[in-house]
$ cat my_file_22.cif   # mmCIF, C-alpha atoms (C1' of nucleotides)
data_query
loop_
_atom_site.group_PDB
_atom_site.id
_atom_site.type_symbol
_atom_site.label_atom_id
_atom_site.label_comp_id
_atom_site.auth_asym_id
_atom_site.auth_seq_id
_atom_site.Cartn_x
_atom_site.Cartn_y
_atom_site.Cartn_z
ATOM 1 C CA MET A 1183 18.464 7.897 4.234
ATOM 2 C CA GLN A 1184 14.967 7.630 2.850
ATOM 3 C CA TYR A 1185 11.543 7.509 4.421
ATOM 4 C CA TRP A 1186 8.502 5.439 3.538
ATOM 5 C CA LEU A 1187 5.005 4.535 4.562
ATOM 6 C CA ILE A 1188 3.696 0.987 4.594
ATOM 7 C CA LYS A 1189 0.116 -0.109 5.101
ATOM 8 C CA SER A 1190 -1.269 -3.168 6.742
ATOM 9 C CA GLU A 1191 -4.773 -4.232 7.558
ATOM 10 C CA PRO A 1192 -4.644 -4.769 11.314
ATOM 11 C CA PHE A 1193 -6.786 -7.905 11.184
ATOM 12 C CA LYS A 1194 -4.244 -9.422 8.801
ATOM 13 C CA TRP A 1195 -1.041 -8.129 10.326
ATOM 14 C CA SER A 1196 -1.197 -5.563 13.105
ATOM 15 C CA TRP A 1197 1.349 -3.309 14.740
ATOM 16 C CA ASP A 1198 1.040 -5.387 17.919
ATOM 17 C CA GLN A 1199 1.987 -8.504 15.994
ATOM 18 C CA GLN A 1200 4.874 -6.681 14.347
ATOM 19 C CA LYS A 1201 6.188 -5.555 17.724
ATOM 20 C CA GLU A 1202 5.844 -9.008 19.209
ATOM 21 C CA LYS A 1203 7.642 -10.666 16.319
ATOM 22 C CA GLY A 1204 10.241 -7.903 16.007
ATOM 23 C CA THR A 1205 11.307 -8.505 12.420
ATOM 24 C CA GLU A 1206 8.960 -9.632 9.655
ATOM 25 C CA HIS A 1207 9.251 -10.016 5.906
ATOM 26 C CA TRP A 1208 6.788 -7.910 3.980
ATOM 27 C CA ASP A 1209 5.405 -10.462 1.559
ATOM 28 C CA GLY A 1210 2.236 -10.377 -0.472
ATOM 29 C CA VAL A 1211 2.740 -7.093 -2.311
ATOM 30 C CA ARG A 1212 1.396 -7.593 -5.829
ATOM 31 C CA ASN A 1213 1.670 -4.129 -7.231
ATOM 32 C CA TYR A 1214 4.584 -2.929 -9.325
ATOM 33 C CA GLN A 1215 4.645 0.577 -7.946
ATOM 34 C CA ALA A 1216 4.705 -0.680 -4.387
ATOM 35 C CA SER A 1217 7.227 -3.333 -5.300
ATOM 36 C CA ASN A 1218 9.483 -0.785 -6.989
ATOM 37 C CA ASN A 1219 9.360 1.348 -3.887
ATOM 38 C CA MET A 1220 10.533 -1.608 -1.839
ATOM 39 C CA LYS A 1221 13.300 -2.210 -4.353
ATOM 40 C CA ALA A 1222 14.556 1.296 -3.667
ATOM 41 C CA MET A 1223 14.754 0.739 0.087
ATOM 42 C CA LYS A 1224 18.115 0.550 1.810
ATOM 43 C CA ILE A 1225 19.049 -0.930 5.147
ATOM 44 C CA GLY A 1226 18.442 1.680 7.820
ATOM 45 C CA ASP A 1227 15.607 3.444 5.975
ATOM 46 C CA GLN A 1228 12.602 4.056 8.178
ATOM 47 C CA ALA A 1229 8.907 3.691 7.466
ATOM 48 C CA PHE A 1230 5.659 4.645 9.105
ATOM 49 C CA PHE A 1231 3.432 1.663 9.898
ATOM 50 C CA TYR A 1232 -0.140 2.518 8.959
ATOM 51 C CA HIS A 1233 -3.317 0.602 9.759
ATOM 52 C CA SER A 1234 -5.666 0.559 6.781
ATOM 53 C CA ASN A 1235 -9.356 -0.345 6.769
ATOM 54 C CA LYS A 1236 -9.536 -0.338 10.558
ATOM 55 C CA GLY A 1237 -7.868 2.348 12.595
ATOM 56 C CA LEU A 1238 -6.737 4.495 9.687
ATOM 57 C CA GLU A 1239 -3.764 5.810 11.562
ATOM 58 C CA ILE A 1240 0.001 5.694 11.739
ATOM 59 C CA VAL A 1241 0.782 3.655 14.806
ATOM 60 C CA GLY A 1242 4.523 3.075 14.723
ATOM 61 C CA ILE A 1243 7.872 3.186 12.996
ATOM 62 C CA VAL A 1244 9.787 0.323 11.422
ATOM 63 C CA GLU A 1245 13.255 0.086 9.928
ATOM 64 C CA VAL A 1246 14.500 -1.794 6.887
ATOM 65 C CA VAL A 1247 16.800 -4.617 8.023
ATOM 66 C CA LYS A 1248 16.960 -6.631 4.799
ATOM 67 C CA GLU A 1249 16.871 -5.256 1.294
ATOM 68 C CA TYR A 1250 14.707 -6.420 -1.599
ATOM 69 C CA TYR A 1251 14.734 -10.129 -2.297
ATOM 70 C CA PRO A 1252 12.298 -12.515 -4.030
ATOM 71 C CA ASP A 1253 8.898 -13.015 -2.440
ATOM 72 C CA HIS A 1254 8.582 -16.792 -2.217
ATOM 73 C CA THR A 1255 4.801 -16.506 -1.918
ATOM 74 C CA ASP A 1256 4.583 -15.124 -5.465
ATOM 75 C CA PRO A 1257 3.989 -18.120 -7.756
ATOM 76 C CA LYS A 1258 5.191 -16.190 -10.798
ATOM 77 C CA GLY A 1259 8.299 -14.880 -9.090
ATOM 78 C CA ARG A 1260 7.749 -11.337 -10.266
ATOM 79 C CA PHE A 1261 7.564 -9.572 -6.970
ATOM 80 C CA GLY A 1262 9.933 -9.154 -4.070
ATOM 81 C CA MET A 1263 9.887 -8.032 -0.484
ATOM 82 C CA VAL A 1264 12.004 -6.530 2.289
ATOM 83 C CA ASP A 1265 12.249 -7.192 6.023
ATOM 84 C CA PHE A 1266 11.074 -4.642 8.559
ATOM 85 C CA LYS A 1267 11.931 -4.417 12.222
ATOM 86 C CA ALA A 1268 9.668 -2.639 14.714
ATOM 87 C CA VAL A 1269 11.478 0.392 16.124
ATOM 88 C CA LYS A 1270 9.042 2.413 18.177
ATOM 89 C CA ASP A 1271 5.437 3.333 18.843
ATOM 90 C CA MET A 1272 3.846 6.579 17.860
ATOM 91 C CA PRO A 1273 3.094 7.991 21.316
ATOM 92 C CA LYS A 1274 0.054 9.596 19.731
ATOM 93 C CA PRO A 1275 -1.139 7.861 16.551
ATOM 94 C CA VAL A 1276 -1.565 10.195 13.598
ATOM 95 C CA THR A 1277 -4.863 9.598 11.841
ATOM 96 C CA LEU A 1278 -5.702 9.913 8.181
ATOM 97 C CA LYS A 1279 -8.086 12.648 9.226
ATOM 98 C CA ASP A 1280 -5.244 14.598 10.842
ATOM 99 C CA ILE A 1281 -3.147 14.180 7.712
ATOM 100 C CA LYS A 1282 -5.952 15.310 5.433
ATOM 101 C CA ALA A 1283 -6.526 18.314 7.664
ATOM 102 C CA THR A 1284 -2.887 19.367 7.313
ATOM 103 C CA PRO A 1285 -2.205 21.286 4.098
ATOM 104 C CA ALA A 1286 1.527 20.474 4.159
ATOM 105 C CA LEU A 1287 0.661 16.773 3.938
ATOM 106 C CA ALA A 1288 -1.950 16.999 1.195
ATOM 107 C CA ASP A 1289 0.465 15.753 -1.465
ATOM 108 C CA MET A 1290 1.225 12.482 0.237
ATOM 109 C CA ALA A 1291 0.506 9.320 -1.714
ATOM 110 C CA LEU A 1292 -1.509 8.185 1.275
ATOM 111 C CA VAL A 1293 -4.020 10.909 0.428
ATOM 112 C CA LYS A 1294 -3.687 11.100 -3.334
ATOM 113 C CA GLN A 1295 -3.212 7.444 -4.142
ATOM 114 C CA SER A 1296 -5.046 5.643 -1.432
ATOM 115 C CA ARG A 1297 -4.559 2.203 -2.947
ATOM 116 C CA LEU A 1298 -0.769 2.296 -2.977
ATOM 117 C CA SER A 1299 0.413 0.189 -0.065
ATOM 118 C CA VAL A 1300 4.092 1.164 -0.046
ATOM 119 C CA SER A 1301 4.886 4.804 -0.731
ATOM 120 C CA PRO A 1302 7.719 7.289 -0.267
ATOM 121 C CA VAL A 1303 7.569 10.029 2.365
ATOM 122 C CA LYS A 1304 9.521 13.278 2.084
ATOM 123 C CA LYS A 1305 11.784 14.303 4.920
ATOM 124 C CA ASP A 1306 9.721 17.339 5.864
ATOM 125 C CA GLU A 1307 6.555 15.226 5.831
ATOM 126 C CA TRP A 1308 8.321 12.676 8.007
ATOM 127 C CA ASP A 1309 9.449 15.332 10.467
ATOM 128 C CA LEU A 1310 6.025 16.921 10.651
ATOM 129 C CA ILE A 1311 4.174 13.640 11.183
ATOM 130 C CA SER A 1312 6.718 12.592 13.801
ATOM 131 C CA LYS A 1313 6.073 15.827 15.644
ATOM 132 C CA MET A 1314 2.296 15.368 15.334
ATOM 133 C CA GLY A 1315 2.727 11.872 16.727
ATOM 134 C CA GLY A 1316 4.479 13.134 19.820
ATOM 135 C CA LEU A 1317 8.041 12.163 18.905
ATOM 136 C "C1'" DG B 1394 -21.421 -3.435 3.034
ATOM 137 C "C1'" DC B 1395 -21.012 -0.242 -0.685
ATOM 138 C "C1'" DC B 1396 -18.720 1.833 -4.221
ATOM 139 C "C1'" DA B 1397 -15.027 4.658 -6.483
ATOM 140 C "C1'" DA B 1398 -10.459 4.328 -8.042
ATOM 141 C "C1'" DC B 1399 -7.317 1.957 -10.353
ATOM 142 C "C1'" DG B 1400 -4.288 -1.907 -11.737
ATOM 143 C "C1'" DT B 1401 -4.270 -6.228 -14.409
ATOM 144 C "C1'" DT B 1402 -5.797 -9.508 -17.779
ATOM 145 C "C1'" DG B 1403 -6.980 -11.240 -22.075
ATOM 146 C "C1'" DG B 1404 -9.455 -11.121 -26.559
ATOM 147 C "C1'" DC B 1405 -9.151 -9.010 -30.736
ATOM 148 C "C1'" DG C 1372 -1.169 -2.434 -28.731
ATOM 149 C "C1'" DC C 1373 -5.875 -1.153 -27.474
ATOM 150 C "C1'" DC C 1374 -9.494 -1.391 -24.471
ATOM 151 C "C1'" DA C 1375 -13.371 -3.703 -22.091
ATOM 152 C "C1'" DA C 1376 -14.042 -6.677 -18.355
ATOM 153 C "C1'" DC C 1377 -12.741 -7.946 -14.130
ATOM 154 C "C1'" DG C 1378 -10.619 -8.030 -9.465
ATOM 155 C "C1'" DT C 1379 -8.805 -5.700 -5.472
ATOM 156 C "C1'" DT C 1380 -8.038 -2.037 -2.277
ATOM 157 C "C1'" DG C 1381 -9.487 0.965 1.072
ATOM 158 C "C1'" DG C 1382 -12.260 4.988 2.747
ATOM 159 C "C1'" DC C 1383 -16.711 5.961 4.106
#
$ encode --input "my_file_22.cif" --output "C-alpha coordinates"
Amino acid sequence: MQYWLIKSEPFKWSWDQQKEKGTEHWDGVRNYQASNNMKAMKIGDQAFFYHSNKGLEIVGIVEVVKEYYPDHTDPKGRFGMVDFKAVKDMPKPVTLKDIKATPALADMALVKQSRLSVSPVKKDEWDLISKMGGL
DNA sequence: GCCAACGTTGGC
DNA sequence: GCCAACGTTGGC
(Lines of atoms letter the chains of each structure in order from A and count residues from 1; the text may use other names and numbers.)
(Lines give C-alpha, C1' and ligand atoms only; values in the text may rest on other atoms or scores of the structure.)
Protein backbone atom coordinates (compact mmCIF):
# COMPACT_ATOMS: atom_id res chain seq x y z
CA MET A 1 0.00 0.00 0.00
CA GLN A 2 1.47 3.29 -1.13
CA TYR A 3 0.43 6.89 -0.71
CA TRP A 4 0.54 9.78 -3.14
CA LEU A 5 -0.40 13.38 -3.67
CA ILE A 6 -1.99 14.67 -6.85
CA LYS A 7 -2.56 18.28 -7.80
CA SER A 8 -5.31 19.86 -9.78
CA GLU A 9 -6.14 23.43 -10.55
CA PRO A 10 -9.67 23.79 -9.21
CA PHE A 11 -10.84 25.89 -12.16
CA LYS A 12 -9.79 23.05 -14.47
CA TRP A 13 -10.85 20.08 -12.39
CA SER A 14 -12.00 20.61 -8.82
CA TRP A 15 -12.61 18.30 -5.90
CA ASP A 16 -16.34 19.02 -6.22
CA GLN A 17 -16.29 17.82 -9.81
CA GLN A 18 -14.30 14.74 -8.81
CA LYS A 19 -16.84 13.88 -6.12
CA GLU A 20 -19.75 14.41 -8.45
CA LYS A 21 -18.25 12.24 -11.17
CA GLY A 22 -16.94 9.63 -8.73
CA THR A 23 -14.23 8.11 -10.91
CA GLU A 24 -12.11 10.07 -13.37
CA HIS A 25 -9.08 9.29 -15.48
CA TRP A 26 -6.11 11.49 -14.73
CA ASP A 27 -5.09 12.54 -18.21
CA GLY A 28 -2.93 15.42 -19.32
CA VAL A 29 0.20 14.69 -17.29
CA ARG A 30 3.16 15.56 -19.50
CA ASN A 31 6.02 15.12 -17.12
CA TYR A 32 8.09 11.96 -16.89
CA GLN A 33 8.59 12.09 -13.15
CA ALA A 34 4.88 12.49 -12.54
CA SER A 35 4.11 9.86 -15.14
CA ASN A 36 6.55 7.42 -13.57
CA ASN A 37 4.91 7.95 -10.22
CA MET A 38 1.57 7.04 -11.75
CA LYS A 39 3.15 3.97 -13.30
CA ALA A 40 4.11 2.82 -9.82
CA MET A 41 0.56 3.12 -8.50
CA LYS A 42 -1.41 0.01 -7.61
CA ILE A 43 -5.13 -0.49 -7.25
CA GLY A 44 -6.12 0.47 -3.73
CA ASP A 45 -3.34 3.04 -3.25
CA GLN A 46 -4.62 6.31 -1.86
CA ALA A 47 -3.76 9.88 -2.76
CA PHE A 48 -4.36 13.32 -1.35
CA PHE A 49 -6.24 15.62 -3.73
CA TYR A 50 -4.61 19.04 -3.67
CA HIS A 51 -5.88 22.29 -5.17
CA SER A 52 -3.05 24.23 -6.79
CA ASN A 53 -3.06 27.89 -7.83
CA LYS A 54 -6.32 28.56 -6.02
CA GLY A 55 -6.98 27.18 -2.58
CA LEU A 56 -3.55 25.69 -2.02
CA GLU A 57 -4.87 22.99 0.22
CA ILE A 58 -5.50 19.28 0.45
CA VAL A 59 -9.24 18.89 0.19
CA GLY A 60 -9.87 15.17 -0.11
CA ILE A 61 -8.69 11.63 -0.62
CA VAL A 62 -8.93 9.51 -3.76
CA GLU A 63 -8.13 5.88 -4.45
CA VAL A 64 -6.54 4.24 -7.47
CA VAL A 65 -9.15 2.10 -9.25
CA LYS A 66 -7.35 1.52 -12.54
CA GLU A 67 -3.63 1.15 -13.03
CA TYR A 68 -1.44 2.92 -15.57
CA TYR A 69 -2.63 2.79 -19.15
CA PRO A 70 -2.00 4.97 -22.23
CA ASP A 71 -3.24 8.55 -22.13
CA HIS A 72 -5.23 8.88 -25.35
CA THR A 73 -4.92 12.67 -25.21
CA ASP A 74 -1.15 12.43 -25.71
CA PRO A 75 -0.55 12.71 -29.47
CA LYS A 76 2.89 11.12 -29.16
CA GLY A 77 1.69 8.27 -26.99
CA ARG A 78 4.49 8.67 -24.49
CA PHE A 79 2.50 9.29 -21.38
CA GLY A 80 -0.08 7.32 -19.46
CA MET A 81 -2.64 7.84 -16.77
CA VAL A 82 -4.56 6.11 -13.98
CA ASP A 83 -8.15 6.35 -12.76
CA PHE A 84 -8.99 7.85 -9.39
CA LYS A 85 -12.15 7.48 -7.38
CA ALA A 86 -13.20 10.05 -4.78
CA VAL A 87 -13.16 8.45 -1.33
CA LYS A 88 -13.70 11.14 1.26
CA ASP A 89 -13.42 14.80 2.15
CA MET A 90 -10.82 16.26 4.41
CA PRO A 91 -13.05 17.46 7.25
CA LYS A 92 -10.56 20.28 7.70
CA PRO A 93 -8.51 21.04 4.58
CA VAL A 94 -4.77 21.09 5.18
CA THR A 95 -3.16 24.12 3.60
CA LEU A 96 0.27 24.48 2.07
CA LYS A 97 0.95 26.99 4.80
CA ASP A 98 0.17 24.39 7.47
CA ILE A 99 2.45 21.90 5.74
CA LYS A 100 5.29 24.39 5.46
CA ALA A 101 4.87 25.26 9.12
CA THR A 102 5.27 21.61 10.11
CA PRO A 103 8.92 20.52 10.29
CA ALA A 104 8.05 16.82 9.86
CA LEU A 105 6.55 17.64 6.46
CA ALA A 106 9.33 19.87 5.17
CA ASP A 107 10.77 17.13 2.96
CA MET A 108 7.62 16.59 0.96
CA ALA A 109 7.87 17.04 -2.79
CA LEU A 110 4.95 19.42 -2.48
CA VAL A 111 7.29 21.81 -0.67
CA LYS A 112 10.61 20.99 -2.28
CA GLN A 113 9.49 20.40 -5.84
CA SER A 114 6.47 22.56 -6.23
CA ARG A 115 6.07 21.87 -9.94
CA LEU A 116 5.71 18.11 -9.62
CA SER A 117 2.03 17.31 -9.99
CA VAL A 118 2.08 13.67 -8.89
CA SER A 119 4.34 12.81 -5.98
CA PRO A 120 4.82 10.07 -3.40
CA VAL A 121 3.88 10.57 0.25
CA LYS A 122 5.47 8.60 3.09
CA LYS A 123 3.25 6.73 5.50
CA ASP A 124 4.13 8.91 8.47
CA GLU A 125 3.50 12.04 6.40
CA TRP A 126 0.18 10.56 5.32
CA ASP A 127 -0.80 9.77 8.90
CA LEU A 128 0.19 13.20 10.15
CA ILE A 129 -1.65 15.09 7.42
CA SER A 130 -4.71 12.91 7.92
CA LYS A 131 -4.68 13.80 11.59
CA MET A 132 -4.20 17.50 10.79
CA GLY A 133 -7.15 17.24 8.43
CA GLY A 134 -9.42 15.91 11.13
CA LEU A 135 -9.50 12.26 10.08
C1' DG B 1 0.05 39.35 -13.12
C1' DC B 2 4.77 38.47 -12.08
C1' DC B 3 8.59 35.75 -11.81
C1' DA B 4 11.50 31.80 -10.17
C1' DA B 5 12.18 27.07 -10.91
C1' DC B 6 12.69 23.64 -13.88
C1' DG B 7 11.68 20.45 -17.73
C1' DT B 8 11.91 20.07 -22.79
C1' DT B 9 13.42 21.13 -27.38
C1' DG B 10 16.44 21.74 -31.03
C1' DG B 11 20.67 23.61 -33.24
C1' DC B 12 25.28 22.77 -33.37
C1' DG C 1 25.83 15.14 -26.13
C1' DC C 2 25.88 19.97 -24.71
C1' DC C 3 23.57 23.95 -23.72
C1' DA C 4 20.82 28.10 -24.86
C1' DA C 5 16.22 29.24 -25.72
C1' DC C 6 11.79 28.50 -24.72
C1' DG C 7 7.46 27.00 -22.42
C1' DT C 8 4.92 25.73 -18.35
C1' DT C 9 3.83 25.40 -13.56
C1' DG C 10 2.53 27.28 -9.42
C1' DG C 11 3.34 30.26 -5.28
C1' DC C 12 3.13 34.85 -4.07
$ resolve_selection --input "my_file_22.cif" --expression "the PyMOL selection byres ((chain A) within 9 of (chain B))" --output "list in words"
Asn1213, Gln1295, Ser1296 and Arg1297 of chain A
$ atom_distance --input "my_file_22.cif" --atom1 "CA of Thr1255 (chain A)" --atom2 "CA of Asp1209 (chain A)"
7.0 Å
$ closest_residue --input "my_file_22.cif" --among "A:Leu1317, A:Ile1188, A:Ile1240, A:Val1300" --to "Pro1275 (chain A)" --atoms "only C-alpha atoms"
A:Ile1240
$ residues_around --input "my_file_22.cif" --residues "region 1189-1200 of chain A" --least-positions-apart "3" --cutoff "10 Å" --atoms "only C-alpha atoms (C1' of nucleotides)" --output "number ranges by chain"
A: 1203-1206, 1208, 1229-1244, 1266-1269, 1271, 1292, 1297-1301; C: 1381
$ atom_distance --input "my_file_22.cif" --atom1 "CA of Leu1278 (chain A)" --atom2 "CA of Val1293 (chain A)"
8.0 Å
$ atom_distance --input "my_file_22.cif" --atom1 "CA of Lys1270 (chain A)" --atom2 "CA of Gln1184 (chain A)"
17.2 Å
$ resolve_selection --input "my_file_22.cif" --expression "the PyMOL selection byres ((chain A and resi 1280) around 12)" --output "PyMOL selection string"
chain A and resi 1238-1240+1274-1279+1281-1288+1293+1310-1311+1314-1315
$ axis_aligned_box --input "my_file_22.cif" --around "region 1238-1245 of chain A" --padding-each-side "3 Å" --output "AutoDock Vina command-line options"
--center_x 3.3 --center_y 2.9 --center_z 12.2 --size_x 26.0 --size_y 11.7 --size_z 11.1
$ residues_around --input "my_file_22.cif" --residues "Met1220 (chain A)" --least-positions-apart "2" --cutoff "8 Å" --atoms "only C-alpha atoms (C1' of nucleotides)" --output "count of residues only"
11
$ build_atoms --input "my_file_22.cif" --residues "region 1260-1293 of chain A" --atoms "N, CA and C atoms" --output "PDB file, in the frame of the given file"
ATOM      1  N   ARG A1260       7.560 -12.678  -9.718  1.00  0.00           N
ATOM      2  CA  ARG A1260       7.749 -11.337 -10.266  1.00  0.00           C
ATOM      3  C   ARG A1260       7.987 -10.286  -9.202  1.00  0.00           C
ATOM      4  N   PHE A1261       7.517 -10.589  -8.007  1.00  0.00           N
ATOM      5  CA  PHE A1261       7.564  -9.572  -6.970  1.00  0.00           C
ATOM      6  C   PHE A1261       8.552  -9.952  -5.870  1.00  0.00           C
ATOM      7  N   GLY A1262       8.997  -8.925  -5.162  1.00  0.00           N
ATOM      8  CA  GLY A1262       9.933  -9.154  -4.070  1.00  0.00           C
ATOM      9  C   GLY A1262       9.426  -8.552  -2.786  1.00  0.00           C
ATOM     10  N   MET A1263      10.279  -8.571  -1.787  1.00  0.00           N
ATOM     11  CA  MET A1263       9.887  -8.032  -0.484  1.00  0.00           C
ATOM     12  C   MET A1263      11.133  -7.596   0.285  1.00  0.00           C
ATOM     13  N   VAL A1264      10.913  -6.910   1.389  1.00  0.00           N
ATOM     14  CA  VAL A1264      12.004  -6.530   2.289  1.00  0.00           C
ATOM     15  C   VAL A1264      11.610  -6.966   3.701  1.00  0.00           C
ATOM     16  N   ASP A1265      12.568  -6.900   4.621  1.00  0.00           N
ATOM     17  CA  ASP A1265      12.249  -7.192   6.023  1.00  0.00           C
ATOM     18  C   ASP A1265      12.221  -5.905   6.825  1.00  0.00           C
ATOM     19  N   PHE A1266      11.219  -5.804   7.686  1.00  0.00           N
ATOM     20  CA  PHE A1266      11.074  -4.642   8.559  1.00  0.00           C
ATOM     21  C   PHE A1266      11.188  -5.058  10.013  1.00  0.00           C
ATOM     22  N   LYS A1267      11.838  -4.198  10.790  1.00  0.00           N
ATOM     23  CA  LYS A1267      11.931  -4.417  12.222  1.00  0.00           C
ATOM     24  C   LYS A1267      11.186  -3.295  12.937  1.00  0.00           C
ATOM     25  N   ALA A1268      10.374  -3.653  13.927  1.00  0.00           N
ATOM     26  CA  ALA A1268       9.668  -2.639  14.714  1.00  0.00           C
ATOM     27  C   ALA A1268      10.681  -1.808  15.490  1.00  0.00           C
ATOM     28  N   VAL A1269      10.539  -0.493  15.425  1.00  0.00           N
ATOM     29  CA  VAL A1269      11.478   0.392  16.124  1.00  0.00           C
ATOM     30  C   VAL A1269      10.822   1.059  17.317  1.00  0.00           C
ATOM     31  N   LYS A1270       9.725   1.769  17.053  1.00  0.00           N
ATOM     32  CA  LYS A1270       9.042   2.413  18.177  1.00  0.00           C
ATOM     33  C   LYS A1270       7.587   2.734  17.875  1.00  0.00           C
ATOM     34  N   ASP A1271       6.838   2.926  18.951  1.00  0.00           N
ATOM     35  CA  ASP A1271       5.437   3.333  18.843  1.00  0.00           C
ATOM     36  C   ASP A1271       5.334   4.802  18.514  1.00  0.00           C
ATOM     37  N   MET A1272       4.236   5.178  17.883  1.00  0.00           N
ATOM     38  CA  MET A1272       3.846   6.579  17.860  1.00  0.00           C
ATOM     39  C   MET A1272       3.187   6.833  19.213  1.00  0.00           C
ATOM     40  N   PRO A1273       3.738   7.734  20.022  1.00  0.00           N
ATOM     41  CA  PRO A1273       3.094   7.991  21.316  1.00  0.00           C
ATOM     42  C   PRO A1273       1.640   8.407  21.127  1.00  0.00           C
ATOM     43  N   LYS A1274       1.393   9.124  20.028  1.00  0.00           N
ATOM     44  CA  LYS A1274       0.054   9.596  19.731  1.00  0.00           C
ATOM     45  C   LYS A1274      -0.176   9.285  18.257  1.00  0.00           C
ATOM     46  N   PRO A1275      -0.943   8.231  17.961  1.00  0.00           N
ATOM     47  CA  PRO A1275      -1.139   7.861  16.551  1.00  0.00           C
ATOM     48  C   PRO A1275      -1.660   9.030  15.717  1.00  0.00           C
ATOM     49  N   VAL A1276      -1.144   9.129  14.505  1.00  0.00           N
ATOM     50  CA  VAL A1276      -1.565  10.195  13.598  1.00  0.00           C
ATOM     51  C   VAL A1276      -2.581   9.619  12.624  1.00  0.00           C
ATOM     52  N   THR A1277      -3.783  10.155  12.656  1.00  0.00           N
ATOM     53  CA  THR A1277      -4.863   9.598  11.841  1.00  0.00           C
ATOM     54  C   THR A1277      -4.875  10.181  10.432  1.00  0.00           C
ATOM     55  N   LEU A1278      -5.524   9.435   9.543  1.00  0.00           N
ATOM     56  CA  LEU A1278      -5.702   9.913   8.181  1.00  0.00           C
ATOM     57  C   LEU A1278      -6.414  11.264   8.190  1.00  0.00           C
ATOM     58  N   LYS A1279      -7.350  11.396   9.090  1.00  0.00           N
ATOM     59  CA  LYS A1279      -8.086  12.648   9.226  1.00  0.00           C
ATOM     60  C   LYS A1279      -7.135  13.814   9.531  1.00  0.00           C
ATOM     61  N   ASP A1280      -6.241  13.578  10.496  1.00  0.00           N
ATOM     62  CA  ASP A1280      -5.244  14.598  10.842  1.00  0.00           C
ATOM     63  C   ASP A1280      -4.415  14.972   9.623  1.00  0.00           C
ATOM     64  N   ILE A1281      -4.005  13.946   8.870  1.00  0.00           N
ATOM     65  CA  ILE A1281      -3.147  14.180   7.712  1.00  0.00           C
ATOM     66  C   ILE A1281      -3.896  14.974   6.652  1.00  0.00           C
ATOM     67  N   LYS A1282      -5.148  14.594   6.426  1.00  0.00           N
ATOM     68  CA  LYS A1282      -5.952  15.310   5.433  1.00  0.00           C
ATOM     69  C   LYS A1282      -6.208  16.747   5.840  1.00  0.00           C
ATOM     70  N   ALA A1283      -6.237  16.971   7.159  1.00  0.00           N
ATOM     71  CA  ALA A1283      -6.526  18.314   7.664  1.00  0.00           C
ATOM     72  C   ALA A1283      -5.274  19.191   7.681  1.00  0.00           C
ATOM     73  N   THR A1284      -4.137  18.620   7.290  1.00  0.00           N
ATOM     74  CA  THR A1284      -2.887  19.367   7.313  1.00  0.00           C
ATOM     75  C   THR A1284      -2.436  19.674   5.889  1.00  0.00           C
ATOM     76  N   PRO A1285      -2.520  20.929   5.492  1.00  0.00           N
ATOM     77  CA  PRO A1285      -2.205  21.286   4.098  1.00  0.00           C
ATOM     78  C   PRO A1285      -0.824  20.816   3.647  1.00  0.00           C
ATOM     79  N   ALA A1286       0.164  20.862   4.537  1.00  0.00           N
ATOM     80  CA  ALA A1286       1.527  20.474   4.159  1.00  0.00           C
ATOM     81  C   ALA A1286       1.620  18.988   3.816  1.00  0.00           C
ATOM     82  N   LEU A1287       0.626  18.221   4.181  1.00  0.00           N
ATOM     83  CA  LEU A1287       0.661  16.773   3.938  1.00  0.00           C
ATOM     84  C   LEU A1287      -0.297  16.341   2.830  1.00  0.00           C
ATOM     85  N   ALA A1288      -0.908  17.310   2.176  1.00  0.00           N
ATOM     86  CA  ALA A1288      -1.950  16.999   1.195  1.00  0.00           C
ATOM     87  C   ALA A1288      -1.411  16.297  -0.043  1.00  0.00           C
ATOM     88  N   ASP A1289      -0.113  16.370  -0.277  1.00  0.00           N
ATOM     89  CA  ASP A1289       0.465  15.753  -1.465  1.00  0.00           C
ATOM     90  C   ASP A1289       0.906  14.319  -1.253  1.00  0.00           C
ATOM     91  N   MET A1290       0.756  13.842  -0.046  1.00  0.00           N
ATOM     92  CA  MET A1290       1.225  12.482   0.237  1.00  0.00           C
ATOM     93  C   MET A1290       0.447  11.444  -0.566  1.00  0.00           C
ATOM     94  N   ALA A1291       1.156  10.383  -0.964  1.00  0.00           N
ATOM     95  CA  ALA A1291       0.506   9.320  -1.714  1.00  0.00           C
ATOM     96  C   ALA A1291      -0.630   8.705  -0.903  1.00  0.00           C
ATOM     97  N   LEU A1292      -0.467   8.724   0.395  1.00  0.00           N
ATOM     98  CA  LEU A1292      -1.509   8.185   1.275  1.00  0.00           C
ATOM     99  C   LEU A1292      -2.857   8.852   1.006  1.00  0.00           C
ATOM    100  N   VAL A1293      -2.805  10.151   0.704  1.00  0.00           N
ATOM    101  CA  VAL A1293      -4.020  10.909   0.428  1.00  0.00           C
ATOM    102  C   VAL A1293      -4.404  10.815  -1.043  1.00  0.00           C
TER     103      VAL A1293
END
